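Please read the structure below before turning to the comments.
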Amino acid sequence: MARALFPATLTMKKKANSSTCLPLHKVRVLVGRARHQASALSSELRKLGATVLEIPFIEIRRPRSFKALDSALRNLDRYDWLILTSVNGVEAMWRRLAKLGLTRTKLKHLRIAAIGPATKKAIEQRGAKVDVVPKEYVAESVVRSLQNKVKGKRVLLVRAKVARDVIPRELCNAGAQVDVVEAYETVVPRASRERLRTTLARPRRCPHVVTFTSSSTVRNFVALLGPRRAGTIPPAFEGIRFASIGPVTSSTLRELGLRVDIQAREFTIPGLVKAIASG
């Protein structure tokens with residue numbers, strides 16, 4: 001039997017007060033994005049009436065060394081394609097370009113692929129042109145978009161330290177030479193551990209929805225909770241619905257023994273907000 005998505009107050013007749021007419025009125029949503037990225041998701045949820053709790057499940061850090069990235073950036077003329085899979089990667093790469101005294105003219109000859117609209121926007125804001133954005137914003141779709149374009153080409157993939165190997169593996173199979181360099185790494189923010197456990201233990205603060213915007217947020221959420229027996233669902237989760245930005249994140253939720261109650265149809269922040277609002 002399907003459960004009601006949110007508290008009964010949401011199914012009551014709309015009142016004259018406009019705030020009570022919003023689809024997420026009195027709904028508490030936990031946003032676990034990195035602190036510097038949470039505002040975009042949080043502000044859209046608040047516009048729909050949600051009470052937003054921000055506890056980062058992920059922290060973005062510099063890699064231990066920029067040696068590989070710096071070497072690739074100094075030799076961009078060797079590459080035909082540049083692939084960027086996140087806004088974090090864009091920001092980190094452009095910081096290193098500035099640090100090395102390299103201008104965007106170094107990228108003029110490159111064809112650039114971005115995994116989704118947010119990454120595309122971040123690249124274009126820095127004055128570079130994006131040639132390819134896949135129909136679906138996941139690694140498999142990047143591969144489908146590029147596999148007939150990269151044979152005999154040299155490709156630079158700028159990404160996080162830990163990431164899925166779908167893109168480099170499949171593009172190599174398509175005949176490309178792919179260099180993978182890390183621009184940043186994601187870690188578990190220790191300061192969030194006690195805040196998360198305390199929030200989940202308080203009925204009046206416990207969220208109705210927890211959002212996950214990447215596989216890393218899922219893994220770190222589980223790590224912040226601490227050890228639990230495989231296959232068990234903590235009692236505190238019984239009244240919580242888990243919202244995923246897309247199929248890869250959903251797969252990680254299931255892999256770690258958590259439900260997928262909501263999944264965005266469009267794998268973006270606006271798509272996730274829409275999915276939460278529609279239930």
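Residue names in the structure tokens use chain letters A, B, ... in the order shown, residue numbers from 1 in each chain, and ligand numbers from 1 in the order shown.
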
Using only C-alpha atoms, which protein or nucleic acid residues come within 10 Å of Gly175 of chain A? Drop anything in the same chain fewer than 6 positions from it, and give the result as a CSV table (one decimal) with N, CA and C atoms, in the first residue's frame.
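Just written: around15.csv:
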```csv
chain,number,residue,atom,x,y,z
A,147,GLN,N,31.1,8.5,-28.2
A,147,GLN,CA,31.8,7.4,-28.7
A,147,GLN,C,32.1,7.3,-30.2
A,148,ASN,N,31.3,8.0,-31.0
A,148,ASN,CA,31.5,8.1,-32.4
A,148,ASN,C,32.3,9.3,-32.9
A,149,LYS,N,32.8,10.1,-31.9
A,149,LYS,CA,33.5,11.3,-32.2
A,149,LYS,C,35.0,11.3,-31.7
A,150,VAL,N,35.3,10.3,-31.0
A,150,VAL,CA,36.7,10.3,-30.3
A,150,VAL,C,37.7,9.3,-30.8
A,151,LYS,N,37.4,8.5,-31.8
A,151,LYS,CA,38.3,7.6,-32.3
A,151,LYS,C,39.6,8.3,-32.8
A,152,GLY,N,40.7,7.8,-32.3
A,152,GLY,CA,42.0,8.4,-32.6
A,152,GLY,C,42.3,9.8,-32.0
A,153,LYS,N,41.4,10.2,-31.1
A,153,LYS,CA,41.5,11.5,-30.4
A,153,LYS,C,42.1,11.3,-29.0
A,154,ARG,N,42.7,12.4,-28.6
A,154,ARG,CA,43.2,12.4,-27.2
A,154,ARG,C,42.2,13.2,-26.3
```

Margin query: Just want the 7 Å neighbourhood of segment 253-269 of chain A, counted on only C-alpha atoms, with same-chain residues fewer than 5 positions away dropped. Output as a list of chain:residue names.
Written below: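 Selected residues are A:Leu41, A:Tyr137, A:Val218, A:Gly231, A:Arg241, A:Phe242, A:Ala243, A:Ser244, A:Ile245, A:Gly246, A:Ala275, A:Ile276, A:Gly279.
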
Export, as a compact mmCIF listing (two decimals), in the first residue's frame, the selected residues with C-alpha atoms.
```
# COMPACT_ATOMS: atom_id res chain seq x y z
CA LEU A 41 18.71 23.40 -3.73
CA TYR A 137 23.13 13.70 -17.22
CA VAL A 218 24.75 8.50 -0.10
CA GLY A 231 19.93 -5.13 5.62
CA ARG A 241 11.49 9.38 2.43
CA PHE A 242 14.72 9.32 0.46
CA ALA A 243 14.91 11.49 -2.67
CA SER A 244 17.49 10.75 -5.37
CA ILE A 245 18.67 12.99 -8.21
CA GLY A 246 18.96 10.09 -10.65
CA ALA A 275 10.02 15.32 -7.96
CA ILE A 276 9.90 16.10 -4.23
CA GLY A 279 5.69 13.21 -4.49
```

Checklist line | Residue contacts of Val133 of chain A (6 Å, only C-alpha atoms) excluding same-chain residues fewer than 5 positions away, as JSON, numbers by chain | finding: {"A": [113, 114, 115, 116]}

Margin query: Can you pull out the residues contacting Arg28 of chain A? Cut-off 9 Å, using only C-alpha atoms, and skip same-chain residues under 6 positions away; I want them as a PyMOL selection string.
Written below: chain A and resi 50-53+205-210

Dump N, CA and C atoms for the selected residues as an mmCIF file, in the first residue's frame?
```cif
data_model
loop_
_atom_site.group_PDB
_atom_site.id
_atom_site.type_symbol
_atom_site.label_atom_id
_atom_site.label_comp_id
_atom_site.auth_asym_id
_atom_site.auth_seq_id
_atom_site.Cartn_x
_atom_site.Cartn_y
_atom_site.Cartn_z
ATOM 1 N N ALA A 50 8.975 24.598 1.943
ATOM 2 C CA ALA A 50 9.663 23.612 2.786
ATOM 3 C C ALA A 50 10.459 24.285 3.899
ATOM 4 N N THR A 51 10.568 23.574 5.009
ATOM 5 C CA THR A 51 11.520 23.945 6.053
ATOM 6 C C THR A 51 12.786 23.164 5.771
ATOM 7 N N VAL A 52 13.866 23.870 5.479
ATOM 8 C CA VAL A 52 15.092 23.220 5.027
ATOM 9 C C VAL A 52 16.096 23.088 6.172
ATOM 10 N N LEU A 53 16.606 21.880 6.331
ATOM 11 C CA LEU A 53 17.679 21.596 7.278
ATOM 12 C C LEU A 53 18.928 21.325 6.460
ATOM 13 N N ARG A 205 12.295 17.647 14.893
ATOM 14 C CA ARG A 205 13.309 18.146 13.969
ATOM 15 C C ARG A 205 13.607 17.156 12.842
ATOM 16 N N CYS A 206 13.201 15.927 13.039
ATOM 17 C CA CYS A 206 13.503 14.880 12.068
ATOM 18 C C CYS A 206 12.904 15.221 10.695
ATOM 19 N N PRO A 207 13.671 15.100 9.630
ATOM 20 C CA PRO A 207 13.149 15.458 8.304
ATOM 21 C C PRO A 207 12.120 14.470 7.792
ATOM 22 N N HIS A 208 11.233 14.976 6.947
ATOM 23 C CA HIS A 208 10.301 14.109 6.235
ATOM 24 C C HIS A 208 10.969 13.551 4.971
ATOM 25 N N VAL A 209 11.916 14.327 4.420
ATOM 26 C CA VAL A 209 12.618 13.938 3.187
ATOM 27 C C VAL A 209 14.108 14.197 3.361
ATOM 28 N N VAL A 210 14.938 13.256 2.898
ATOM 29 C CA VAL A 210 16.387 13.455 2.835
ATOM 30 C C VAL A 210 16.781 13.417 1.364
#
```

Notebook entry, point to check: Which of segment 61-279 of chain A counts as alpha helix (DSSP H) under DSSP, as number ranges by chain please?
Noted result: A: 67-74, 87-99, 117-124, 139-146, 166-173, 192-201, 215-225, 247-255, 269-278

Next item on the list: For each of A:Val29, A:Ile60, A:Ile240, A:Leu97, take the minimum atom-to-atom distance to Thr186 of chain A, counting only C-alpha atoms, then give the residue where this is smallest.
Entry: A:Ile60

Notebook entry, point to check: Quick one: residues within 8 Å of Tyr184 of chain A, only C-alpha atoms counted, chain neighbours fewer than 3 positions away excluded, as a PyMOL selection string?
Noted result: chain A and resi 60-63+88-89+92+159-161

Include N, CA, C and O atoms and write out the residues we just selected as a PDB file, in the first residue's frame.
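Written file, again.pdb:
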```pdb
ATOM      1  N   ILE A  60      34.209  19.234  -0.016  1.00  0.00           N
ATOM      2  CA  ILE A  60      35.104  19.278  -1.169  1.00  0.00           C
ATOM      3  C   ILE A  60      36.467  19.784  -0.724  1.00  0.00           C
ATOM      4  O   ILE A  60      36.572  20.833  -0.085  1.00  0.00           O
ATOM      5  N   ARG A  61      37.505  19.031  -1.056  1.00  0.00           N
ATOM      6  CA  ARG A  61      38.866  19.425  -0.682  1.00  0.00           C
ATOM      7  C   ARG A  61      39.807  19.384  -1.885  1.00  0.00           C
ATOM      8  O   ARG A  61      39.541  18.690  -2.866  1.00  0.00           O
ATOM      9  N   ARG A  62      40.890  20.129  -1.761  1.00  0.00           N
ATOM     10  CA  ARG A  62      41.952  20.051  -2.756  1.00  0.00           C
ATOM     11  C   ARG A  62      42.543  18.646  -2.759  1.00  0.00           C
ATOM     12  O   ARG A  62      42.614  18.005  -1.711  1.00  0.00           O
ATOM     13  N   PRO A  63      42.984  18.165  -3.906  1.00  0.00           N
ATOM     14  CA  PRO A  63      43.681  16.871  -3.913  1.00  0.00           C
ATOM     15  C   PRO A  63      45.031  17.008  -3.212  1.00  0.00           C
ATOM     16  O   PRO A  63      45.523  18.119  -2.992  1.00  0.00           O
ATOM     17  N   ASN A  88      32.125  21.361  -9.514  1.00  0.00           N
ATOM     18  CA  ASN A  88      33.348  21.349  -8.695  1.00  0.00           C
ATOM     19  C   ASN A  88      34.598  21.198  -9.563  1.00  0.00           C
ATOM     20  O   ASN A  88      35.624  21.832  -9.313  1.00  0.00           O
ATOM     21  N   GLY A  89      34.513  20.347 -10.558  1.00  0.00           N
ATOM     22  CA  GLY A  89      35.643  20.154 -11.455  1.00  0.00           C
ATOM     23  C   GLY A  89      35.952  21.406 -12.261  1.00  0.00           C
ATOM     24  O   GLY A  89      37.119  21.756 -12.469  1.00  0.00           O
ATOM     25  N   ALA A  92      37.580  23.996  -9.871  1.00  0.00           N
ATOM     26  CA  ALA A  92      38.953  23.613  -9.530  1.00  0.00           C
ATOM     27  C   ALA A  92      39.889  23.807 -10.717  1.00  0.00           C
ATOM     28  O   ALA A  92      41.012  24.301 -10.573  1.00  0.00           O
ATOM     29  N   ARG A 159      38.095  15.344 -13.131  1.00  0.00           N
ATOM     30  CA  ARG A 159      37.033  14.864 -12.247  1.00  0.00           C
ATOM     31  C   ARG A 159      37.526  14.762 -10.810  1.00  0.00           C
ATOM     32  O   ARG A 159      38.641  15.173 -10.469  1.00  0.00           O
ATOM     33  N   ALA A 160      36.672  14.184  -9.958  1.00  0.00           N
ATOM     34  CA  ALA A 160      37.019  13.951  -8.557  1.00  0.00           C
ATOM     35  C   ALA A 160      38.012  12.797  -8.446  1.00  0.00           C
ATOM     36  O   ALA A 160      38.156  11.983  -9.367  1.00  0.00           O
ATOM     37  N   LYS A 161      38.659  12.716  -7.300  1.00  0.00           N
ATOM     38  CA  LYS A 161      39.627  11.647  -7.060  1.00  0.00           C
ATOM     39  C   LYS A 161      38.979  10.283  -7.180  1.00  0.00           C
ATOM     40  O   LYS A 161      39.525   9.364  -7.809  1.00  0.00           O
TER      41      LYS A 161
END
```

Can you pull out the residues contacting Glu124 of chain A? Cut-off 12 Å, using only C-alpha atoms, and skip same-chain residues under 3 positions away; I want them as an mmCIF file with all heavy atoms, in the first residue's frame.
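The resulting file, out_4.cif, is reproduced below:
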```cif
data_model
loop_
_atom_site.group_PDB
_atom_site.id
_atom_site.type_symbol
_atom_site.label_atom_id
_atom_site.label_comp_id
_atom_site.auth_asym_id
_atom_site.auth_seq_id
_atom_site.Cartn_x
_atom_site.Cartn_y
_atom_site.Cartn_z
ATOM 1 N N VAL A 87 30.365 20.791 -11.545
ATOM 2 C CA VAL A 87 30.701 22.195 -11.308
ATOM 3 C C VAL A 87 31.975 22.284 -10.467
ATOM 4 O O VAL A 87 32.814 23.167 -10.684
ATOM 5 C CB VAL A 87 29.531 22.923 -10.614
ATOM 6 C CG1 VAL A 87 29.930 24.344 -10.210
ATOM 7 C CG2 VAL A 87 28.311 22.953 -11.532
ATOM 8 N N VAL A 90 34.887 22.084 -12.709
ATOM 9 C CA VAL A 90 35.066 23.333 -13.455
ATOM 10 C C VAL A 90 35.771 24.369 -12.576
ATOM 11 O O VAL A 90 36.749 25.010 -12.989
ATOM 12 C CB VAL A 90 33.707 23.888 -13.935
ATOM 13 C CG1 VAL A 90 33.887 25.248 -14.610
ATOM 14 C CG2 VAL A 90 33.031 22.907 -14.879
ATOM 15 N N GLU A 91 35.263 24.550 -11.367
ATOM 16 C CA GLU A 91 35.825 25.559 -10.465
ATOM 17 C C GLU A 91 37.289 25.257 -10.146
ATOM 18 O O GLU A 91 38.141 26.153 -10.166
ATOM 19 C CB GLU A 91 35.003 25.611 -9.185
ATOM 20 C CG GLU A 91 33.595 26.157 -9.402
ATOM 21 C CD GLU A 91 32.716 26.050 -8.167
ATOM 22 O OE1 GLU A 91 33.099 25.324 -7.220
ATOM 23 O OE2 GLU A 91 31.642 26.676 -8.154
ATOM 24 N N TRP A 94 39.599 25.874 -13.316
ATOM 25 C CA TRP A 94 39.839 27.287 -13.631
ATOM 26 C C TRP A 94 40.698 27.969 -12.568
ATOM 27 O O TRP A 94 41.469 28.869 -12.889
ATOM 28 C CB TRP A 94 38.519 28.010 -13.849
ATOM 29 C CG TRP A 94 38.254 28.233 -15.309
ATOM 30 C CD1 TRP A 94 38.503 29.370 -16.027
ATOM 31 C CD2 TRP A 94 37.723 27.283 -16.246
ATOM 32 N NE1 TRP A 94 38.165 29.194 -17.347
ATOM 33 C CE2 TRP A 94 37.675 27.928 -17.511
ATOM 34 C CE3 TRP A 94 37.288 25.972 -16.145
ATOM 35 C CZ2 TRP A 94 37.215 27.292 -18.661
ATOM 36 C CZ3 TRP A 94 36.820 25.337 -17.276
ATOM 37 C CH2 TRP A 94 36.784 25.986 -18.514
ATOM 38 N N ARG A 104 42.093 31.526 -21.071
ATOM 39 C CA ARG A 104 41.118 30.654 -21.738
ATOM 40 C C ARG A 104 41.462 30.420 -23.203
ATOM 41 O O ARG A 104 40.912 29.516 -23.842
ATOM 42 C CB ARG A 104 39.713 31.246 -21.609
ATOM 43 C CG ARG A 104 39.495 32.519 -22.395
ATOM 44 C CD ARG A 104 38.142 33.108 -22.066
ATOM 45 N NE ARG A 104 37.864 34.288 -22.881
ATOM 46 C CZ ARG A 104 36.939 35.184 -22.598
ATOM 47 N NH1 ARG A 104 36.216 35.045 -21.502
ATOM 48 N NH2 ARG A 104 36.724 36.209 -23.392
ATOM 49 N N ILE A 112 34.592 20.636 -26.017
ATOM 50 C CA ILE A 112 34.316 20.440 -24.596
ATOM 51 C C ILE A 112 32.965 19.755 -24.411
ATOM 52 O O ILE A 112 31.960 20.140 -25.026
ATOM 53 C CB ILE A 112 34.322 21.788 -23.835
ATOM 54 C CG1 ILE A 112 35.684 22.469 -23.995
ATOM 55 C CG2 ILE A 112 34.010 21.570 -22.353
ATOM 56 C CD1 ILE A 112 35.781 23.837 -23.341
ATOM 57 N N ALA A 113 32.956 18.738 -23.536
ATOM 58 C CA ALA A 113 31.720 18.051 -23.164
ATOM 59 C C ALA A 113 31.452 18.289 -21.683
ATOM 60 O O ALA A 113 32.364 18.178 -20.853
ATOM 61 C CB ALA A 113 31.834 16.551 -23.439
ATOM 62 N N ALA A 114 30.216 18.626 -21.360
ATOM 63 C CA ALA A 114 29.786 18.839 -19.975
ATOM 64 C C ALA A 114 28.693 17.848 -19.658
ATOM 65 O O ALA A 114 27.816 17.589 -20.487
ATOM 66 C CB ALA A 114 29.265 20.271 -19.787
ATOM 67 N N PRO A 117 23.491 20.570 -17.492
ATOM 68 C CA PRO A 117 23.310 22.016 -17.672
ATOM 69 C C PRO A 117 24.035 22.872 -16.644
ATOM 70 O O PRO A 117 24.495 23.965 -16.969
ATOM 71 C CB PRO A 117 21.792 22.198 -17.585
ATOM 72 C CG PRO A 117 21.272 20.971 -16.919
ATOM 73 C CD PRO A 117 22.210 19.875 -17.293
ATOM 74 N N ALA A 118 24.135 22.406 -15.396
ATOM 75 C CA ALA A 118 24.833 23.204 -14.383
ATOM 76 C C ALA A 118 26.323 23.286 -14.704
ATOM 77 O O ALA A 118 26.948 24.354 -14.590
ATOM 78 C CB ALA A 118 24.620 22.606 -12.994
ATOM 79 N N THR A 119 26.897 22.160 -15.129
ATOM 80 C CA THR A 119 28.308 22.144 -15.515
ATOM 81 C C THR A 119 28.523 22.987 -16.765
ATOM 82 O O THR A 119 29.493 23.752 -16.865
ATOM 83 C CB THR A 119 28.777 20.698 -15.760
ATOM 84 O OG1 THR A 119 28.489 19.916 -14.599
ATOM 85 C CG2 THR A 119 30.266 20.644 -16.034
ATOM 86 N N LYS A 120 27.621 22.889 -17.717
ATOM 87 C CA LYS A 120 27.685 23.692 -18.944
ATOM 88 C C LYS A 120 27.657 25.187 -18.603
ATOM 89 O O LYS A 120 28.468 25.973 -19.117
ATOM 90 C CB LYS A 120 26.513 23.346 -19.857
ATOM 91 C CG LYS A 120 26.439 24.171 -21.146
ATOM 92 C CD LYS A 120 25.268 23.679 -21.994
ATOM 93 C CE LYS A 120 25.191 24.413 -23.344
ATOM 94 N NZ LYS A 120 24.694 25.789 -23.217
ATOM 95 N N LYS A 121 26.755 25.570 -17.733
ATOM 96 C CA LYS A 121 26.640 26.980 -17.347
ATOM 97 C C LYS A 121 27.920 27.476 -16.690
ATOM 98 O O LYS A 121 28.406 28.580 -16.979
ATOM 99 C CB LYS A 121 25.457 27.162 -16.397
ATOM 100 C CG LYS A 121 25.234 28.599 -15.952
ATOM 101 C CD LYS A 121 24.039 28.700 -15.022
ATOM 102 C CE LYS A 121 23.838 30.138 -14.544
ATOM 103 N NZ LYS A 121 22.669 30.235 -13.606
ATOM 104 N N GLY A 127 33.748 31.793 -20.040
ATOM 105 C CA GLY A 127 34.113 32.202 -21.388
ATOM 106 C C GLY A 127 34.466 31.108 -22.362
ATOM 107 O O GLY A 127 34.961 31.381 -23.460
ATOM 108 N N ALA A 128 34.210 29.852 -22.014
ATOM 109 C CA ALA A 128 34.511 28.738 -22.914
ATOM 110 C C ALA A 128 33.219 28.212 -23.544
ATOM 111 O O ALA A 128 32.138 28.331 -22.969
ATOM 112 C CB ALA A 128 35.236 27.630 -22.174
ATOM 113 N N LYS A 129 33.346 27.611 -24.703
ATOM 114 C CA LYS A 129 32.196 27.069 -25.423
ATOM 115 C C LYS A 129 32.041 25.584 -25.136
ATOM 116 O O LYS A 129 33.019 24.837 -25.135
ATOM 117 C CB LYS A 129 32.373 27.284 -26.924
ATOM 118 C CG LYS A 129 31.259 26.691 -27.769
ATOM 119 C CD LYS A 129 31.609 26.775 -29.249
ATOM 120 C CE LYS A 129 30.565 26.053 -30.100
ATOM 121 N NZ LYS A 129 30.944 26.031 -31.534
ATOM 122 N N VAL A 130 30.808 25.156 -24.897
ATOM 123 C CA VAL A 130 30.514 23.738 -24.667
ATOM 124 C C VAL A 130 29.912 23.154 -25.942
ATOM 125 O O VAL A 130 28.936 23.677 -26.479
ATOM 126 C CB VAL A 130 29.542 23.558 -23.488
ATOM 127 C CG1 VAL A 130 29.149 22.085 -23.337
ATOM 128 C CG2 VAL A 130 30.172 24.075 -22.195
ATOM 129 N N ASP A 131 30.504 22.083 -26.427
ATOM 130 C CA ASP A 131 30.059 21.472 -27.684
ATOM 131 C C ASP A 131 29.042 20.356 -27.483
ATOM 132 O O ASP A 131 28.190 20.127 -28.344
ATOM 133 C CB ASP A 131 31.270 20.911 -28.431
ATOM 134 C CG ASP A 131 32.271 21.989 -28.797
ATOM 135 O OD1 ASP A 131 32.038 22.693 -29.782
ATOM 136 O OD2 ASP A 131 33.271 22.137 -28.064
#
```

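Between atom CA of Ala191 of chain A and atom CA of Leu272 of chain A the interatomic distance comes to 26.0 Å.
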
Next item on the list: Quick one: pull the distance between atom CA of Ala98 of chain A and atom CA of Asp77 of chain A, Å, one decimal.
Entry: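 Separation between atom CA of Ala98 of chain A and atom CA of Asp77 of chain A: 17.0 Å.
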
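In this structure, atom CA of Trp81 of chain A sits 26.5 Å away from atom CA of Thr213 of chain A.
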
Check: So which one's closest to Arg197 of chain A, A:Thr85, A:Leu224, A:Met93, A:Cys172? Using only C-alpha atoms, please.
Finding: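 Counting only C-alpha atoms, the residue closest to Arg197 of chain A is A:Leu224.
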